[in-house]
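K.L.:
Handing over query-v8.txt, compact mmCIF, N, CA and C atoms.
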# COMPACT_ATOMS: atom_id res chain seq x y z
N MET A 1 29.82 -16.28 -3.61
CA MET A 1 28.42 -16.13 -3.31
C MET A 1 28.25 -15.95 -1.81
N ALA A 2 27.57 -14.89 -1.39
CA ALA A 2 27.40 -14.59 0.02
C ALA A 2 26.31 -15.47 0.63
N ALA A 3 26.51 -15.83 1.88
CA ALA A 3 25.50 -16.63 2.58
C ALA A 3 24.29 -15.76 2.88
N ALA A 4 23.14 -16.37 2.91
CA ALA A 4 21.91 -15.64 3.22
C ALA A 4 21.98 -15.14 4.66
N ALA A 5 21.54 -13.93 4.87
CA ALA A 5 21.57 -13.34 6.21
C ALA A 5 20.50 -13.97 7.08
N VAL A 6 20.89 -14.31 8.27
CA VAL A 6 19.95 -14.84 9.25
C VAL A 6 19.84 -13.80 10.34
N THR A 7 18.66 -13.27 10.55
CA THR A 7 18.47 -12.26 11.56
C THR A 7 17.55 -12.82 12.63
N GLY A 8 18.13 -13.22 13.73
CA GLY A 8 17.37 -13.74 14.85
C GLY A 8 17.22 -12.69 15.92
N SER A 9 16.41 -13.00 16.91
CA SER A 9 16.16 -12.04 17.97
C SER A 9 17.42 -11.70 18.75
N ALA A 10 18.32 -12.67 18.93
CA ALA A 10 19.57 -12.40 19.65
C ALA A 10 20.45 -11.45 18.86
N GLN A 11 20.49 -11.61 17.54
CA GLN A 11 21.30 -10.72 16.71
C GLN A 11 20.77 -9.29 16.79
N VAL A 12 19.46 -9.12 16.71
CA VAL A 12 18.85 -7.80 16.81
C VAL A 12 19.12 -7.22 18.21
N SER A 13 18.95 -8.04 19.24
CA SER A 13 19.20 -7.57 20.61
C SER A 13 20.65 -7.15 20.78
N LEU A 14 21.56 -7.92 20.23
CA LEU A 14 22.98 -7.61 20.32
C LEU A 14 23.27 -6.27 19.67
N LEU A 15 22.78 -6.05 18.48
CA LEU A 15 23.02 -4.78 17.79
C LEU A 15 22.42 -3.61 18.55
N ARG A 16 21.22 -3.77 19.04
CA ARG A 16 20.59 -2.69 19.82
C ARG A 16 21.41 -2.36 21.05
N TRP A 17 21.82 -3.39 21.78
CA TRP A 17 22.56 -3.18 23.01
C TRP A 17 23.90 -2.51 22.72
N LEU A 18 24.60 -3.01 21.71
CA LEU A 18 25.91 -2.44 21.38
C LEU A 18 25.78 -0.99 20.94
N ARG A 19 24.75 -0.67 20.19
CA ARG A 19 24.57 0.72 19.75
C ARG A 19 24.28 1.64 20.91
N ARG A 20 23.60 1.13 21.93
CA ARG A 20 23.37 1.95 23.12
C ARG A 20 24.66 2.13 23.92
N GLN A 21 25.45 1.08 24.02
CA GLN A 21 26.68 1.14 24.81
C GLN A 21 27.80 1.88 24.08
N LEU A 22 27.88 1.72 22.79
CA LEU A 22 28.95 2.31 21.97
C LEU A 22 28.34 3.41 21.12
N ARG A 23 28.06 4.52 21.77
CA ARG A 23 27.30 5.59 21.12
C ARG A 23 28.01 6.20 19.91
N GLN A 24 29.32 6.32 19.96
CA GLN A 24 30.05 6.95 18.86
C GLN A 24 30.37 5.93 17.78
N PRO A 25 29.97 6.22 16.53
CA PRO A 25 30.30 5.28 15.45
C PRO A 25 31.78 5.38 15.11
N GLU A 26 32.58 4.53 15.70
CA GLU A 26 34.01 4.50 15.45
C GLU A 26 34.32 3.28 14.59
N PRO A 27 35.51 3.22 14.02
CA PRO A 27 35.83 2.09 13.13
C PRO A 27 35.64 0.71 13.77
N LEU A 28 36.01 0.56 15.03
CA LEU A 28 35.88 -0.74 15.67
C LEU A 28 34.41 -1.12 15.83
N ARG A 29 33.57 -0.15 16.18
CA ARG A 29 32.13 -0.44 16.28
C ARG A 29 31.56 -0.79 14.91
N GLU A 30 31.98 -0.07 13.89
CA GLU A 30 31.50 -0.35 12.54
C GLU A 30 31.96 -1.74 12.09
N HIS A 31 33.17 -2.11 12.45
CA HIS A 31 33.68 -3.45 12.12
C HIS A 31 32.85 -4.52 12.84
N LEU A 32 32.48 -4.22 14.09
CA LEU A 32 31.65 -5.15 14.86
C LEU A 32 30.28 -5.30 14.22
N GLU A 33 29.68 -4.20 13.81
CA GLU A 33 28.38 -4.26 13.14
C GLU A 33 28.48 -5.06 11.85
N ALA A 34 29.58 -4.92 11.13
CA ALA A 34 29.76 -5.69 9.90
C ALA A 34 29.88 -7.19 10.22
N ALA A 35 30.58 -7.53 11.29
CA ALA A 35 30.70 -8.94 11.68
C ALA A 35 29.34 -9.50 12.05
N VAL A 36 28.54 -8.72 12.77
CA VAL A 36 27.20 -9.17 13.14
C VAL A 36 26.35 -9.33 11.88
N GLY A 37 26.44 -8.37 10.98
CA GLY A 37 25.68 -8.43 9.74
C GLY A 37 26.06 -9.62 8.87
N ALA A 38 27.32 -10.07 8.99
CA ALA A 38 27.80 -11.21 8.21
C ALA A 38 27.63 -12.53 8.97
N ASN A 39 26.96 -12.48 10.13
CA ASN A 39 26.76 -13.68 10.95
C ASN A 39 28.08 -14.34 11.35
N ASP A 40 29.09 -13.52 11.63
CA ASP A 40 30.41 -14.02 12.02
C ASP A 40 30.57 -13.85 13.53
N VAL A 41 30.08 -14.84 14.27
CA VAL A 41 30.10 -14.78 15.73
C VAL A 41 31.53 -14.74 16.26
N ASP A 42 32.41 -15.53 15.67
CA ASP A 42 33.79 -15.57 16.16
C ASP A 42 34.47 -14.22 16.02
N GLU A 43 34.28 -13.57 14.89
CA GLU A 43 34.86 -12.24 14.69
C GLU A 43 34.23 -11.24 15.66
N ALA A 44 32.92 -11.33 15.85
CA ALA A 44 32.25 -10.43 16.79
C ALA A 44 32.82 -10.62 18.20
N ARG A 45 33.06 -11.85 18.60
CA ARG A 45 33.66 -12.11 19.92
C ARG A 45 35.06 -11.49 20.03
N ARG A 46 35.86 -11.61 18.97
CA ARG A 46 37.21 -11.03 18.99
C ARG A 46 37.14 -9.51 19.13
N ILE A 47 36.20 -8.90 18.44
CA ILE A 47 36.08 -7.44 18.50
C ILE A 47 35.56 -7.01 19.86
N VAL A 48 34.53 -7.68 20.35
CA VAL A 48 33.94 -7.34 21.65
C VAL A 48 35.00 -7.43 22.76
N ALA A 49 35.91 -8.39 22.64
CA ALA A 49 36.96 -8.56 23.65
C ALA A 49 37.86 -7.33 23.75
N ARG A 50 37.90 -6.51 22.71
CA ARG A 50 38.75 -5.32 22.71
C ARG A 50 38.12 -4.12 23.41
N PHE A 51 36.81 -4.18 23.66
CA PHE A 51 36.12 -3.08 24.33
C PHE A 51 36.22 -3.23 25.84
N GLU A 52 36.25 -2.10 26.52
CA GLU A 52 36.25 -2.10 27.97
C GLU A 52 34.81 -2.00 28.46
N PHE A 53 34.31 -3.09 29.03
CA PHE A 53 32.97 -3.14 29.59
C PHE A 53 33.08 -3.44 31.07
N SER A 54 32.07 -3.06 31.83
CA SER A 54 32.00 -3.49 33.23
C SER A 54 31.75 -4.99 33.24
N ALA A 55 31.90 -5.60 34.39
CA ALA A 55 31.66 -7.04 34.50
C ALA A 55 30.22 -7.38 34.10
N ALA A 56 29.27 -6.56 34.53
CA ALA A 56 27.87 -6.80 34.20
C ALA A 56 27.63 -6.65 32.70
N GLN A 57 28.22 -5.62 32.10
CA GLN A 57 28.08 -5.43 30.66
C GLN A 57 28.70 -6.59 29.89
N ARG A 58 29.89 -7.00 30.31
CA ARG A 58 30.57 -8.11 29.64
C ARG A 58 29.72 -9.38 29.72
N HIS A 59 29.16 -9.64 30.90
CA HIS A 59 28.31 -10.81 31.09
C HIS A 59 27.11 -10.75 30.14
N HIS A 60 26.48 -9.58 30.06
CA HIS A 60 25.30 -9.41 29.22
C HIS A 60 25.64 -9.63 27.73
N VAL A 61 26.71 -9.01 27.26
CA VAL A 61 27.05 -9.15 25.86
C VAL A 61 27.49 -10.58 25.54
N ASP A 62 28.16 -11.24 26.48
CA ASP A 62 28.51 -12.65 26.27
C ASP A 62 27.27 -13.52 26.15
N LEU A 63 26.25 -13.25 26.97
CA LEU A 63 25.00 -14.00 26.87
C LEU A 63 24.32 -13.76 25.52
N LEU A 64 24.33 -12.51 25.07
CA LEU A 64 23.74 -12.20 23.76
C LEU A 64 24.49 -12.92 22.64
N LEU A 65 25.81 -12.93 22.72
CA LEU A 65 26.60 -13.64 21.71
C LEU A 65 26.32 -15.13 21.73
N ASP A 66 26.22 -15.70 22.92
CA ASP A 66 25.91 -17.14 23.04
C ASP A 66 24.54 -17.45 22.44
N GLU A 67 23.55 -16.61 22.75
CA GLU A 67 22.20 -16.83 22.23
C GLU A 67 22.18 -16.70 20.71
N TRP A 68 22.87 -15.70 20.19
CA TRP A 68 22.95 -15.50 18.74
C TRP A 68 23.60 -16.71 18.08
N GLN A 69 24.69 -17.20 18.66
CA GLN A 69 25.36 -18.37 18.10
C GLN A 69 24.45 -19.59 18.10
N SER A 70 23.68 -19.76 19.16
CA SER A 70 22.72 -20.87 19.22
C SER A 70 21.66 -20.74 18.14
N GLU A 71 21.15 -19.52 17.94
CA GLU A 71 20.16 -19.29 16.88
C GLU A 71 20.72 -19.63 15.51
N LEU A 72 21.97 -19.25 15.28
CA LEU A 72 22.58 -19.55 13.98
C LEU A 72 22.71 -21.05 13.77
N ARG A 73 23.08 -21.76 14.81
CA ARG A 73 23.22 -23.22 14.71
C ARG A 73 21.88 -23.88 14.40
N LEU A 74 20.82 -23.32 14.98
CA LEU A 74 19.48 -23.89 14.77
C LEU A 74 18.84 -23.39 13.49
N GLY A 75 19.45 -22.37 12.87
CA GLY A 75 18.89 -21.82 11.64
C GLY A 75 17.67 -20.97 11.88
N SER A 76 17.54 -20.44 13.10
CA SER A 76 16.39 -19.60 13.43
C SER A 76 16.58 -18.22 12.85
N GLY A 77 15.59 -17.77 12.11
CA GLY A 77 15.64 -16.43 11.55
C GLY A 77 14.27 -15.80 11.53
N SER A 78 13.47 -16.10 12.52
CA SER A 78 12.08 -15.67 12.47
C SER A 78 11.82 -14.31 13.10
N ALA A 79 12.81 -13.71 13.73
CA ALA A 79 12.59 -12.42 14.41
C ALA A 79 12.54 -11.29 13.39
N ALA A 80 12.05 -10.15 13.85
CA ALA A 80 12.01 -8.97 13.00
C ALA A 80 13.43 -8.62 12.57
N ASP A 81 13.58 -8.12 11.34
CA ASP A 81 14.91 -7.85 10.85
C ASP A 81 15.27 -6.38 10.88
N ASP A 82 14.50 -5.57 11.59
CA ASP A 82 14.87 -4.17 11.68
C ASP A 82 15.31 -3.84 13.09
N LEU A 83 15.89 -2.68 13.24
CA LEU A 83 16.38 -2.27 14.54
C LEU A 83 15.56 -1.12 15.10
N ASP A 84 14.38 -0.87 14.54
CA ASP A 84 13.51 0.17 15.05
C ASP A 84 12.84 -0.30 16.32
N PRO A 85 12.52 0.64 17.21
CA PRO A 85 11.81 0.25 18.43
C PRO A 85 10.46 -0.33 18.10
N PRO A 86 9.91 -1.17 18.99
CA PRO A 86 8.58 -1.74 18.74
C PRO A 86 7.55 -0.64 18.51
N GLY A 87 6.68 -0.85 17.58
CA GLY A 87 5.61 0.10 17.30
C GLY A 87 5.99 1.17 16.27
N ALA A 88 7.26 1.29 15.93
CA ALA A 88 7.68 2.28 14.94
C ALA A 88 7.45 1.73 13.54
N THR A 89 6.82 2.51 12.71
CA THR A 89 6.59 2.07 11.32
C THR A 89 6.92 3.17 10.35
Just dump the structure as structure tokens.
P.N.:
Amino acid sequence: MAAAAVTGSAQVSLLRWLRRQLRQPEPLREHLEAAVGANDVDEARRIVARFEFSAAQRHHVDLLLDEWQSELRLGSGSAADDLDPPGAT
């Protein structure tokens, strides 16, 4: 039985940011998206470690991962669950 998906603001922010940074849908990016979709922070961290980011990018993605992990611990899932820009319907 699969765990219920928790979609918090950090998870949505992480996916948006990664999709902007990793424009080409390659297997590693798809694996990362699957880890995020499965709320597997540890796997997401392992995958992110394999990408070459600038120091600023690495810092930003680490903060997003930390925030997402905190949301999961608190059981927060109140953010929008789509990845569309604000105002898009």
K.L.:
At a cut-off of 8 Å, using only N, CA and C atoms, what residues contact Gln11 of chain A? Leave out same-chain residues fewer than 5 positions from it and give the result as a PDB file with N, CA and C atoms, keeping the file's coordinate frame.
P.N.:
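Done, and the output landed in result11.pdb:
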ATOM      1  N   VAL A   6      20.890 -14.310   8.270  1.00  0.00           N
ATOM      2  CA  VAL A   6      19.950 -14.840   9.250  1.00  0.00           C
ATOM      3  C   VAL A   6      19.840 -13.800  10.340  1.00  0.00           C
ATOM      4  N   ARG A  16      21.220  -3.770  19.040  1.00  0.00           N
ATOM      5  CA  ARG A  16      20.590  -2.690  19.820  1.00  0.00           C
ATOM      6  C   ARG A  16      21.410  -2.360  21.050  1.00  0.00           C
ATOM      7  N   TRP A  17      21.820  -3.390  21.780  1.00  0.00           N
ATOM      8  CA  TRP A  17      22.560  -3.180  23.010  1.00  0.00           C
ATOM      9  C   TRP A  17      23.900  -2.510  22.720  1.00  0.00           C
ATOM     10  N   VAL A  36      28.540  -8.720  12.770  1.00  0.00           N
ATOM     11  CA  VAL A  36      27.200  -9.170  13.140  1.00  0.00           C
ATOM     12  C   VAL A  36      26.350  -9.330  11.880  1.00  0.00           C
ATOM     13  N   LEU A  64      24.330 -12.510  25.070  1.00  0.00           N
ATOM     14  CA  LEU A  64      23.740 -12.200  23.760  1.00  0.00           C
ATOM     15  C   LEU A  64      24.490 -12.920  22.640  1.00  0.00           C
ATOM     16  N   LEU A  65      25.810 -12.930  22.720  1.00  0.00           N
ATOM     17  CA  LEU A  65      26.600 -13.640  21.710  1.00  0.00           C
ATOM     18  C   LEU A  65      26.320 -15.130  21.730  1.00  0.00           C
ATOM     19  N   GLU A  67      23.550 -16.610  22.750  1.00  0.00           N
ATOM     20  CA  GLU A  67      22.200 -16.830  22.230  1.00  0.00           C
ATOM     21  C   GLU A  67      22.180 -16.700  20.710  1.00  0.00           C
ATOM     22  N   TRP A  68      22.870 -15.700  20.190  1.00  0.00           N
ATOM     23  CA  TRP A  68      22.950 -15.500  18.740  1.00  0.00           C
ATOM     24  C   TRP A  68      23.600 -16.710  18.080  1.00  0.00           C
ATOM     25  N   GLN A  69      24.690 -17.200  18.660  1.00  0.00           N
ATOM     26  CA  GLN A  69      25.360 -18.370  18.100  1.00  0.00           C
ATOM     27  C   GLN A  69      24.450 -19.590  18.100  1.00  0.00           C
ATOM     28  N   GLU A  71      21.150 -19.520  17.940  1.00  0.00           N
ATOM     29  CA  GLU A  71      20.160 -19.290  16.880  1.00  0.00           C
ATOM     30  C   GLU A  71      20.720 -19.630  15.510  1.00  0.00           C
TER      31      GLU A  71
END
K.L.:
Calculate how many Å separate atom CA of Ser13 of chain A from atom CA of Glu30 of chain A, rounding to one decimal.
P.N.:
16.4 Å
K.L.:
If we count only C-alpha atoms and set the cut-off at 12 Å, which residues sit around Arg46 of chain A, ignoring sequence neighbours fewer than 6 positions away in its own chain? Please answer as a list in words.
P.N.:
Leu28, His31, Leu32, Ala35, Val36, Asp40, Asp62 and Leu65 of chain A
K.L.:
What is the distance between atom CA of Ser9 of chain A and atom CA of Ala56 of chain A, in Å to one decimal?
P.N.:
20.7 Å
K.L.:
Counting only C-alpha atoms, find residues at most 12 Å from (34.4, -7.4, 17.2) (file frame) and give them as a PyMOL selection string.
P.N.:
chain A and resi 14-15+18+27-51+61+65
K.L.:
Calculate how many Å separate atom N of Gln21 of chain A from atom CA of Asp66 of chain A, rounding to one decimal.
P.N.:
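Pair atom N of Gln21 of chain A / atom CA of Asp66 of chain A returns 18.3 Å.
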